$ cat structure.cif   # mmCIF, C-alpha atoms
data_entry
#
loop_
_atom_site.label_atom_id
_atom_site.label_comp_id
_atom_site.auth_asym_id
_atom_site.auth_seq_id
_atom_site.Cartn_x
_atom_site.Cartn_y
_atom_site.Cartn_z
CA MET T 194 -16.82 -74.13 -61.97
CA LEU T 195 -14.20 -75.42 -59.55
CA LEU T 196 -12.35 -78.70 -59.97
CA ASP T 197 -13.05 -81.28 -57.31
CA LEU T 198 -9.71 -82.94 -56.57
CA SER T 199 -9.85 -86.30 -54.79
CA GLU T 200 -7.71 -87.20 -51.76
CA GLU T 201 -5.57 -89.50 -53.87
CA HIS T 202 -5.11 -86.87 -56.54
CA ARG T 203 -4.01 -84.27 -53.96
CA GLU T 204 -1.52 -86.77 -52.51
CA HIS T 205 0.00 -87.32 -55.93
CA LEU T 206 0.23 -83.59 -56.60
CA ALA T 207 1.82 -83.02 -53.16
CA PHE T 208 5.10 -84.16 -54.73
CA LEU T 209 5.26 -81.05 -56.96
CA PRO T 210 6.19 -78.44 -54.34
CA GLN T 211 9.05 -80.70 -53.22
CA VAL T 212 10.99 -80.11 -56.45
CA ASP T 213 12.16 -76.96 -58.32
CA SER T 214 9.84 -75.18 -60.66
CA ALA T 215 12.16 -76.16 -63.50
CA VAL T 216 11.37 -79.79 -62.68
CA VAL T 217 7.63 -79.06 -62.52
CA ALA T 218 7.86 -77.35 -65.91
CA GLU T 219 9.66 -80.45 -67.23
CA PHE T 220 6.92 -82.69 -65.76
CA GLY T 221 4.38 -80.50 -67.54
CA ARG T 222 6.20 -80.99 -70.82
CA ILE T 223 6.36 -84.77 -70.24
CA ALA T 224 2.63 -84.84 -69.35
CA VAL T 225 1.64 -83.17 -72.63
CA GLU T 226 4.04 -85.37 -74.60
CA PHE T 227 2.43 -88.45 -73.01
CA LEU T 228 -0.99 -87.15 -74.04
CA ARG T 229 0.28 -86.82 -77.60
CA ARG T 230 2.18 -90.07 -77.92
CA GLY T 231 1.37 -92.34 -74.97
CA SER T 232 3.35 -92.83 -71.78
CA ASN T 233 6.87 -94.21 -71.52
CA ALA T 234 7.81 -95.78 -68.16
CA LYS T 235 11.55 -95.34 -68.80
CA ILE T 236 11.22 -91.56 -68.42
CA TYR T 237 9.87 -92.06 -64.90
CA GLU T 238 12.87 -94.20 -63.92
CA GLY T 239 15.40 -91.67 -65.26
CA ALA T 240 13.73 -88.79 -63.44
CA ALA T 241 13.39 -90.84 -60.22
CA ARG T 242 17.11 -91.54 -60.16
CA LYS T 243 18.00 -87.87 -60.72
CA LEU T 244 15.59 -86.65 -58.05
CA ASN T 245 16.42 -89.47 -55.64
CA VAL T 246 12.84 -90.61 -55.14
CA SER T 247 10.92 -93.73 -56.12
CA SER T 248 9.77 -94.19 -59.70
CA ASP T 249 6.18 -94.46 -58.41
CA THR T 250 6.35 -91.01 -56.82
CA VAL T 251 7.46 -89.49 -60.12
CA GLN T 252 4.78 -91.40 -62.02
CA HIS T 253 2.06 -90.24 -59.65
CA GLY T 254 3.30 -86.68 -59.86
CA VAL T 255 3.23 -86.64 -63.65
CA GLU T 256 -0.10 -88.47 -63.81
CA GLY T 257 -1.60 -86.11 -61.23
CA LEU T 258 -0.43 -83.17 -63.31
CA THR T 259 -1.79 -84.77 -66.50
CA TYR T 260 -5.18 -85.34 -64.88
CA LEU T 261 -5.25 -81.77 -63.60
CA LEU T 262 -4.56 -80.46 -67.10
CA THR T 263 -7.01 -82.77 -68.91
CA GLU T 264 -9.87 -82.15 -66.48
CA SER T 265 -9.34 -78.39 -66.65
CA SER T 266 -9.12 -78.47 -70.46
CA LYS T 267 -12.10 -80.80 -70.76
CA LEU T 268 -14.33 -78.44 -68.75
CA MET T 269 -12.67 -75.35 -70.27
CA ILE T 270 -12.57 -73.72 -66.84
CA SER T 271 -11.71 -70.05 -66.61
CA GLU T 272 -8.35 -68.74 -65.34
CA LEU T 273 -10.00 -67.65 -62.10
CA ASP T 274 -11.63 -71.03 -61.51
CA PHE T 275 -8.34 -72.80 -62.22
CA GLN T 276 -6.49 -70.59 -59.76
CA ASP T 277 -9.17 -71.14 -57.10
CA SER T 278 -9.15 -74.91 -57.68
CA VAL T 279 -5.38 -75.09 -57.30
CA PHE T 280 -5.36 -72.72 -54.33
CA VAL T 281 -6.77 -75.44 -52.03
CA LEU T 282 -3.60 -77.48 -52.58
CA GLY T 283 -1.66 -74.92 -50.58
CA PHE T 284 1.17 -74.48 -53.06
CA SER T 285 3.45 -71.46 -53.33
CA GLU T 286 2.47 -68.42 -55.39
CA GLU T 287 5.21 -69.29 -57.89
CA LEU T 288 4.01 -72.89 -58.34
CA ASN T 289 0.40 -71.75 -58.75
CA LYS T 290 1.46 -69.31 -61.47
CA LEU T 291 3.47 -72.04 -63.20
CA LEU T 292 0.53 -74.45 -63.17
CA LEU T 293 -1.80 -71.77 -64.53
CA GLN T 294 0.64 -71.02 -67.33
CA LEU T 295 0.93 -74.74 -68.15
CA TYR T 296 -2.86 -74.93 -68.35
CA LEU T 297 -3.27 -71.86 -70.57
CA ASP T 298 -0.40 -72.79 -72.88
CA ASN T 299 -1.56 -76.36 -73.51
CA ARG T 300 -5.31 -76.10 -73.19
CA LYS T 301 -6.07 -75.82 -76.91
CA GLU T 302 -3.87 -78.75 -77.90
CA ILE T 303 -5.20 -80.95 -75.10
CA ARG T 304 -8.76 -80.22 -76.20
CA THR T 305 -7.87 -81.25 -79.75
CA ILE T 306 -6.49 -84.55 -78.45
CA LEU T 307 -9.53 -85.14 -76.21
CA ASN T 308 -11.77 -84.47 -79.20
CA GLU T 309 -10.35 -87.55 -80.89
CA LEU T 310 -11.59 -89.75 -78.04
CA ALA T 311 -15.23 -89.25 -79.06
CA PRO T 312 -16.89 -92.41 -80.46
CA ASP T 313 -16.20 -92.75 -84.10
CA LEU T 314 -18.75 -93.72 -86.75
CA PRO T 315 -17.59 -94.74 -90.20
CA THR T 316 -17.03 -91.63 -92.29
CA TYR T 317 -17.32 -91.06 -95.99
CA HIS T 318 -14.13 -91.41 -98.00
CA SER T 319 -15.25 -91.69 -101.63
CA LEU T 320 -17.92 -93.14 -103.88
CA GLU T 321 -17.45 -95.04 -107.13
CA TRP T 322 -20.47 -95.70 -109.31
CA ARG T 323 -21.33 -97.63 -112.44
CA LEU T 324 -24.43 -97.63 -114.60
CA ASP T 325 -25.23 -101.13 -115.85
CA VAL T 326 -27.86 -102.63 -118.07
CA GLN T 327 -28.89 -106.15 -117.10
CA LEU T 328 -29.42 -108.21 -120.24
CA ALA T 329 -30.22 -111.65 -118.84
CA SER T 330 -30.38 -113.67 -115.64
CA ARG T 331 -30.88 -117.29 -114.72
CA SER T 332 -34.63 -116.77 -114.47
CA LEU T 333 -35.27 -114.29 -117.29
CA ARG T 334 -33.63 -113.75 -120.69
CA GLN T 335 -33.97 -110.85 -123.14
CA GLN T 336 -34.10 -108.10 -120.54
CA ILE T 337 -33.15 -104.46 -120.62
CA LYS T 338 -33.00 -103.47 -116.96
CA PRO T 339 -30.92 -100.46 -115.92
CA THR T 340 -29.21 -100.65 -112.53
CA VAL T 341 -26.72 -98.51 -110.67
CA THR T 342 -23.89 -100.11 -108.71
CA PHE T 343 -21.99 -98.20 -106.01
CA LYS T 344 -18.77 -98.87 -104.17
CA LEU T 345 -18.87 -96.78 -101.02
CA HIS T 346 -15.44 -96.24 -99.45
CA LEU T 347 -15.54 -95.60 -95.71
CA ASN T 348 -12.97 -94.80 -93.04
CA HIS T 349 -13.46 -96.19 -89.55
CA ASN T 350 -10.89 -96.02 -86.74
CA GLY T 351 -8.16 -95.65 -89.30
CA GLU T 352 -9.37 -98.65 -91.27
CA HIS T 353 -10.65 -98.49 -94.79
CA ASN T 354 -13.89 -100.40 -95.56
CA THR T 355 -15.84 -100.71 -98.76
CA LYS T 356 -19.52 -101.53 -99.24
CA VAL T 357 -20.93 -102.57 -102.57
CA LEU T 358 -24.55 -101.52 -103.12
CA GLN T 359 -26.92 -101.80 -106.05
CA THR T 360 -30.18 -100.10 -106.91
CA ASP T 361 -32.45 -99.13 -109.79
CA PRO T 362 -32.58 -95.57 -111.20
CA ALA T 363 -35.99 -94.79 -109.63
CA THR T 364 -34.72 -95.57 -106.12
CA LEU T 365 -31.56 -93.59 -106.85
CA LEU T 366 -33.66 -90.56 -107.81
CA HIS T 367 -35.61 -90.94 -104.58
CA LEU T 368 -32.34 -91.19 -102.62
CA VAL T 369 -31.04 -88.03 -104.26
CA GLN T 370 -34.31 -86.22 -103.47
CA GLN T 371 -34.10 -87.27 -99.81
CA LEU T 372 -30.51 -86.06 -99.53
CA GLU T 373 -31.38 -82.75 -101.18
CA GLN T 374 -34.27 -82.37 -98.74
CA ALA T 375 -31.88 -82.95 -95.84
CA LEU T 376 -29.60 -80.20 -97.16
CA GLU T 377 -32.59 -77.89 -97.62
CA GLU T 378 -33.32 -78.27 -93.91
CA MET T 379 -30.16 -76.28 -93.19
CA LYS T 380 -31.83 -73.28 -94.78
CA THR T 381 -34.91 -73.30 -92.56
CA ASN T 382 -35.30 -70.57 -89.96
CA HIS T 383 -35.05 -73.06 -87.11
CA CYS T 384 -31.68 -74.45 -88.23
CA ARG T 385 -30.37 -70.98 -89.04
CA ARG T 386 -31.23 -69.80 -85.52
CA VAL T 387 -29.51 -72.80 -83.90
CA VAL T 388 -26.36 -72.38 -86.01
CA ARG T 389 -26.22 -68.63 -85.32
CA ASN T 390 -26.46 -69.26 -81.58
CA ILE T 391 -23.71 -71.88 -81.57
CA LYS T 392 -21.37 -69.55 -83.47
CA MET S 1274 -30.67 -125.69 -106.07
CA GLU S 1275 -34.14 -124.11 -106.19
CA GLY S 1276 -36.21 -123.29 -103.12
CA SER S 1277 -36.41 -120.31 -100.80
CA ALA S 1278 -33.73 -119.57 -98.26
CA SER S 1279 -36.22 -119.07 -95.45
CA GLU S 1280 -36.12 -122.76 -94.52
CA LYS S 1281 -33.02 -124.15 -92.88
CA PRO S 1282 -30.98 -125.76 -95.68
CA ALA S 1283 -30.83 -129.53 -95.69
CA LEU S 1284 -27.22 -130.39 -94.91
CA ASP S 1285 -25.64 -133.71 -95.73
CA ALA S 1286 -22.72 -135.60 -94.22
CA LYS S 1287 -19.96 -133.79 -96.12
CA SER S 1288 -21.19 -130.40 -94.87
CA GLU S 1289 -19.57 -131.21 -91.52
CA VAL S 1290 -16.24 -130.58 -93.19
CA THR S 1291 -16.87 -128.20 -96.08
CA ASN S 1292 -19.46 -125.57 -96.82
CA GLN S 1293 -22.46 -126.51 -98.89
CA LEU S 1294 -23.62 -124.72 -102.03
CA ILE S 1295 -27.28 -123.87 -101.62
CA ASP S 1296 -27.93 -121.65 -104.63
CA PHE S 1297 -26.15 -120.36 -107.72
CA GLN S 1298 -27.66 -117.28 -109.35
CA TRP S 1299 -26.20 -115.40 -112.25
CA LYS S 1300 -26.87 -112.42 -114.44
CA LEU S 1301 -25.38 -110.95 -117.55
CA GLY S 1302 -25.03 -107.18 -117.63
CA MET S 1303 -23.41 -104.43 -119.63
CA ALA S 1304 -21.75 -101.47 -117.92
CA VAL S 1305 -22.52 -98.35 -119.93
CA SER S 1306 -21.10 -95.57 -117.75
CA SER S 1307 -19.08 -95.05 -114.59
CA ASP S 1308 -17.62 -92.23 -112.49
CA SER S 1309 -14.22 -92.79 -114.07
CA CYS S 1310 -15.32 -93.46 -117.68
CA ARG S 1311 -18.49 -92.01 -119.16
CA SER S 1312 -18.93 -94.15 -122.22
CA LEU S 1313 -18.49 -97.88 -121.75
CA LYS S 1314 -19.57 -101.03 -123.49
CA TYR S 1315 -18.36 -103.58 -120.99
CA PRO S 1316 -20.21 -106.89 -120.68
CA TYR S 1317 -19.79 -108.92 -117.50
CA VAL S 1318 -21.21 -111.93 -115.72
CA ALA S 1319 -22.22 -111.48 -112.06
CA VAL S 1320 -22.57 -114.57 -109.90
CA MET S 1321 -24.33 -114.74 -106.52
CA LEU S 1322 -23.64 -117.83 -104.45
CA LYS S 1323 -25.56 -118.91 -101.36
CA VAL S 1324 -23.37 -121.07 -99.15
CA ALA S 1325 -24.23 -122.77 -95.84
CA ASP S 1326 -21.58 -123.61 -93.28
CA HIS S 1327 -21.64 -126.65 -90.99
CA SER S 1328 -23.93 -124.89 -88.52
CA GLY S 1329 -26.47 -124.10 -91.23
CA GLN S 1330 -25.68 -120.40 -91.35
CA VAL S 1331 -26.21 -119.10 -94.87
CA LYS S 1332 -23.77 -116.61 -96.36
CA ASN S 1333 -24.07 -114.76 -99.66
CA LYS S 1334 -21.01 -114.30 -101.83
CA SER S 1335 -21.13 -112.39 -105.06
CA PHE S 1336 -18.50 -111.68 -107.65
CA GLU S 1337 -18.18 -110.44 -111.22
CA MET S 1338 -16.23 -111.78 -114.18
CA THR S 1339 -15.28 -110.29 -117.50
CA ILE S 1340 -16.23 -112.38 -120.53
CA PRO S 1341 -12.71 -113.87 -120.90
CA GLN S 1342 -12.69 -114.65 -117.16
CA PHE S 1343 -16.08 -116.29 -117.49
CA GLN S 1344 -14.94 -118.37 -120.43
CA ASN S 1345 -12.06 -119.61 -118.31
CA PHE S 1346 -14.50 -120.32 -115.47
CA TYR S 1347 -16.73 -122.26 -117.87
CA ARG S 1348 -13.76 -124.22 -119.20
CA GLN S 1349 -12.96 -125.38 -115.64
CA PHE S 1350 -16.44 -126.85 -115.27
CA LYS S 1351 -16.26 -128.52 -118.68
CA GLU S 1352 -13.01 -130.16 -117.53
CA ILE S 1353 -14.56 -131.24 -114.23
CA ALA S 1354 -17.51 -132.76 -116.09
CA ALA S 1355 -15.13 -134.60 -118.45
CA VAL S 1356 -13.14 -136.04 -115.55
CA ILE S 1357 -16.31 -137.16 -113.76
CA GLU S 1358 -17.27 -139.14 -116.87
CA THR S 1359 -14.10 -141.17 -116.51
CA VAL S 1360 -14.57 -141.95 -112.81
#

$ encode --input "structure.cif" --output "structure tokens"
Amino acid sequence: MLLDLSEEHREHLAFLPQVDSAVVAEFGRIAVEFLRRGSNAKIYEGAARKLNVSSDTVQHGVEGLTYLLTESSKLMISELDFQDSVFVLGFSEELNKLLLQLYLDNRKEIRTILNELAPDLPTYHSLEWRLDVQLASRSLRQQIKPTVTFKLHLNHNGEHNTKVLQTDPATLLHLVQQLEQALEEMKTNHCRRVVRNIK
Amino acid sequence: MEGSASEKPALDAKSEVTNQLIDFQWKLGMAVSSDSCRSLKYPYVAVMLKVADHSGQVKNKSFEMTIPQFQNFYRQFKEIAAVIETV
């Protein structure tokens, strides 16, 4: 699969052959660092002064490089496809090799970062439980009614939530049976085949 | 404070400013076992309040008290009742 680079993207990348490969390598390092920690406009200004170009040109160059790396990593394109995609930019052999190396070196880490952008549902953190016996209420005295109270701890987008739930032992047994049934599904032939094929 | 919550609660003039207590339910329970302690004998009072805000939206709030906490809670109301007598 080849990357389809837009006009604007190619214009931004056109800055790269105008500087040394050491600078391109440095831009590559900055691009990955920005993916890890977020961008920092001050870096663009410093580089612009040293290279004697506008800060915008540097920013576009780095962003173009970042986009090239993230799109390639996202699609997990092969070495050959990457080389062919970059070939249309008309860069030197040396620059093409450098870009390929940047891609291969950082691909795994970029994919890990991109993985974190997937929508996040609340995830299980821990479960506290308590078995109670209800002895009386406003409407009925002299009771012996067993109940189970849960405090479900969840993580969501870095935040910690808790949910307090209550049920009777019969419903709890049913819940446990349903969960066990869900786990049993993993052992069916159909699920086994799917898992084998993904691996 | 009886009545089902399916009807819109009847709000009075003061509910423009504060929330209105619609219902006060309680129960007395005894915790006998938990994930952190297997053998308990811990009585508690659980209270479930139904409160309506100025727009009529009903919210449930529940909390638990230990027996000493409840006795303190009860003492507050006894004091309120005593003060009301003098007004």

$ atom_distance --input "structure.cif" --atom1 "atom CA of T:Thr355" --atom2 "atom CA of S:Phe1336"
14.4 Å

$ residues_around --input "structure.cif" --residues "T:Arg222" --least-positions-apart "4" --cutoff "12 Å" --atoms "all atoms listed in the file" --output "PyMOL selection string"
chain T and resi 215-218+226-229+236+255+258-259+262+292+294-296+298-299

$ interface_residues --input "structure.cif" --of "chain S" --to "chain T" --cutoff "8 Å" --atoms "all atoms listed in the file" --output "PyMOL selection string"
chain S and resi 1298-1309

$ resolve_selection --input "structure.cif" --expression "the PyMOL selection byres ((chain T and resi 240-249) around 12)" --output "count of residues only"
26

$ resolve_selection --input "structure.cif" --expression "the PyMOL selection byres ((chain S and resi 1337-1350) around 7)" --output "number ranges by chain"
S: 1316-1320, 1336, 1351-1354

$ build_atoms --input "structure.cif" --residues "stretch 1333-1346 of chain S" --atoms "N, CA, C and O atoms" --output "mmCIF file, keeping the file's coordinate frame"
data_model
loop_
_atom_site.group_PDB
_atom_site.id
_atom_site.type_symbol
_atom_site.label_atom_id
_atom_site.label_comp_id
_atom_site.auth_asym_id
_atom_site.auth_seq_id
_atom_site.Cartn_x
_atom_site.Cartn_y
_atom_site.Cartn_z
ATOM 1 N N ASN S 1333 -24.025 -115.116 -98.252
ATOM 2 C CA ASN S 1333 -24.070 -114.760 -99.660
ATOM 3 C C ASN S 1333 -22.700 -114.303 -100.115
ATOM 4 O O ASN S 1333 -22.042 -113.538 -99.429
ATOM 5 N N LYS S 1334 -22.276 -114.772 -101.275
ATOM 6 C CA LYS S 1334 -21.010 -114.300 -101.830
ATOM 7 C C LYS S 1334 -21.286 -113.944 -103.273
ATOM 8 O O LYS S 1334 -21.850 -114.746 -104.012
ATOM 9 N N SER S 1335 -20.917 -112.731 -103.650
ATOM 10 C CA SER S 1335 -21.130 -112.390 -105.060
ATOM 11 C C SER S 1335 -19.837 -111.906 -105.669
ATOM 12 O O SER S 1335 -18.979 -111.344 -104.978
ATOM 13 N N PHE S 1336 -19.685 -112.168 -106.952
ATOM 14 C CA PHE S 1336 -18.500 -111.680 -107.650
ATOM 15 C C PHE S 1336 -18.840 -111.483 -109.123
ATOM 16 O O PHE S 1336 -19.847 -111.970 -109.619
ATOM 17 N N GLU S 1337 -17.974 -110.727 -109.802
ATOM 18 C CA GLU S 1337 -18.180 -110.440 -111.220
ATOM 19 C C GLU S 1337 -17.035 -111.005 -112.029
ATOM 20 O O GLU S 1337 -15.908 -111.107 -111.523
ATOM 21 N N MET S 1338 -17.307 -111.326 -113.282
ATOM 22 C CA MET S 1338 -16.230 -111.780 -114.180
ATOM 23 C C MET S 1338 -16.368 -111.072 -115.515
ATOM 24 O O MET S 1338 -17.477 -110.848 -116.000
ATOM 25 N N THR S 1339 -15.247 -110.763 -116.121
ATOM 26 C CA THR S 1339 -15.280 -110.290 -117.500
ATOM 27 C C THR S 1339 -15.585 -111.501 -118.374
ATOM 28 O O THR S 1339 -15.534 -112.641 -117.914
ATOM 29 N N ILE S 1340 -15.901 -111.260 -119.641
ATOM 30 C CA ILE S 1340 -16.230 -112.380 -120.530
ATOM 31 C C ILE S 1340 -15.067 -113.368 -120.657
ATOM 32 O O ILE S 1340 -15.271 -114.571 -120.523
ATOM 33 N N PRO S 1341 -13.836 -112.923 -120.868
ATOM 34 C CA PRO S 1341 -12.710 -113.870 -120.900
ATOM 35 C C PRO S 1341 -12.574 -114.646 -119.592
ATOM 36 O O PRO S 1341 -12.335 -115.857 -119.603
ATOM 37 N N GLN S 1342 -12.773 -113.954 -118.442
ATOM 38 C CA GLN S 1342 -12.690 -114.650 -117.160
ATOM 39 C C GLN S 1342 -13.779 -115.702 -117.070
ATOM 40 O O GLN S 1342 -13.557 -116.817 -116.603
ATOM 41 N N PHE S 1343 -14.974 -115.345 -117.548
ATOM 42 C CA PHE S 1343 -16.080 -116.290 -117.490
ATOM 43 C C PHE S 1343 -15.811 -117.503 -118.373
ATOM 44 O O PHE S 1343 -16.111 -118.634 -118.000
ATOM 45 N N GLN S 1344 -15.220 -117.248 -119.528
ATOM 46 C CA GLN S 1344 -14.940 -118.370 -120.430
ATOM 47 C C GLN S 1344 -13.944 -119.326 -119.787
ATOM 48 O O GLN S 1344 -14.080 -120.552 -119.915
ATOM 49 N N ASN S 1345 -13.008 -118.777 -119.046
ATOM 50 C CA ASN S 1345 -12.060 -119.610 -118.310
ATOM 51 C C ASN S 1345 -12.791 -120.408 -117.230
ATOM 52 O O ASN S 1345 -12.580 -121.617 -117.063
ATOM 53 N N PHE S 1346 -13.661 -119.724 -116.529
ATOM 54 C CA PHE S 1346 -14.500 -120.320 -115.470
ATOM 55 C C PHE S 1346 -15.297 -121.496 -116.061
ATOM 56 O O PHE S 1346 -15.304 -122.599 -115.518
#
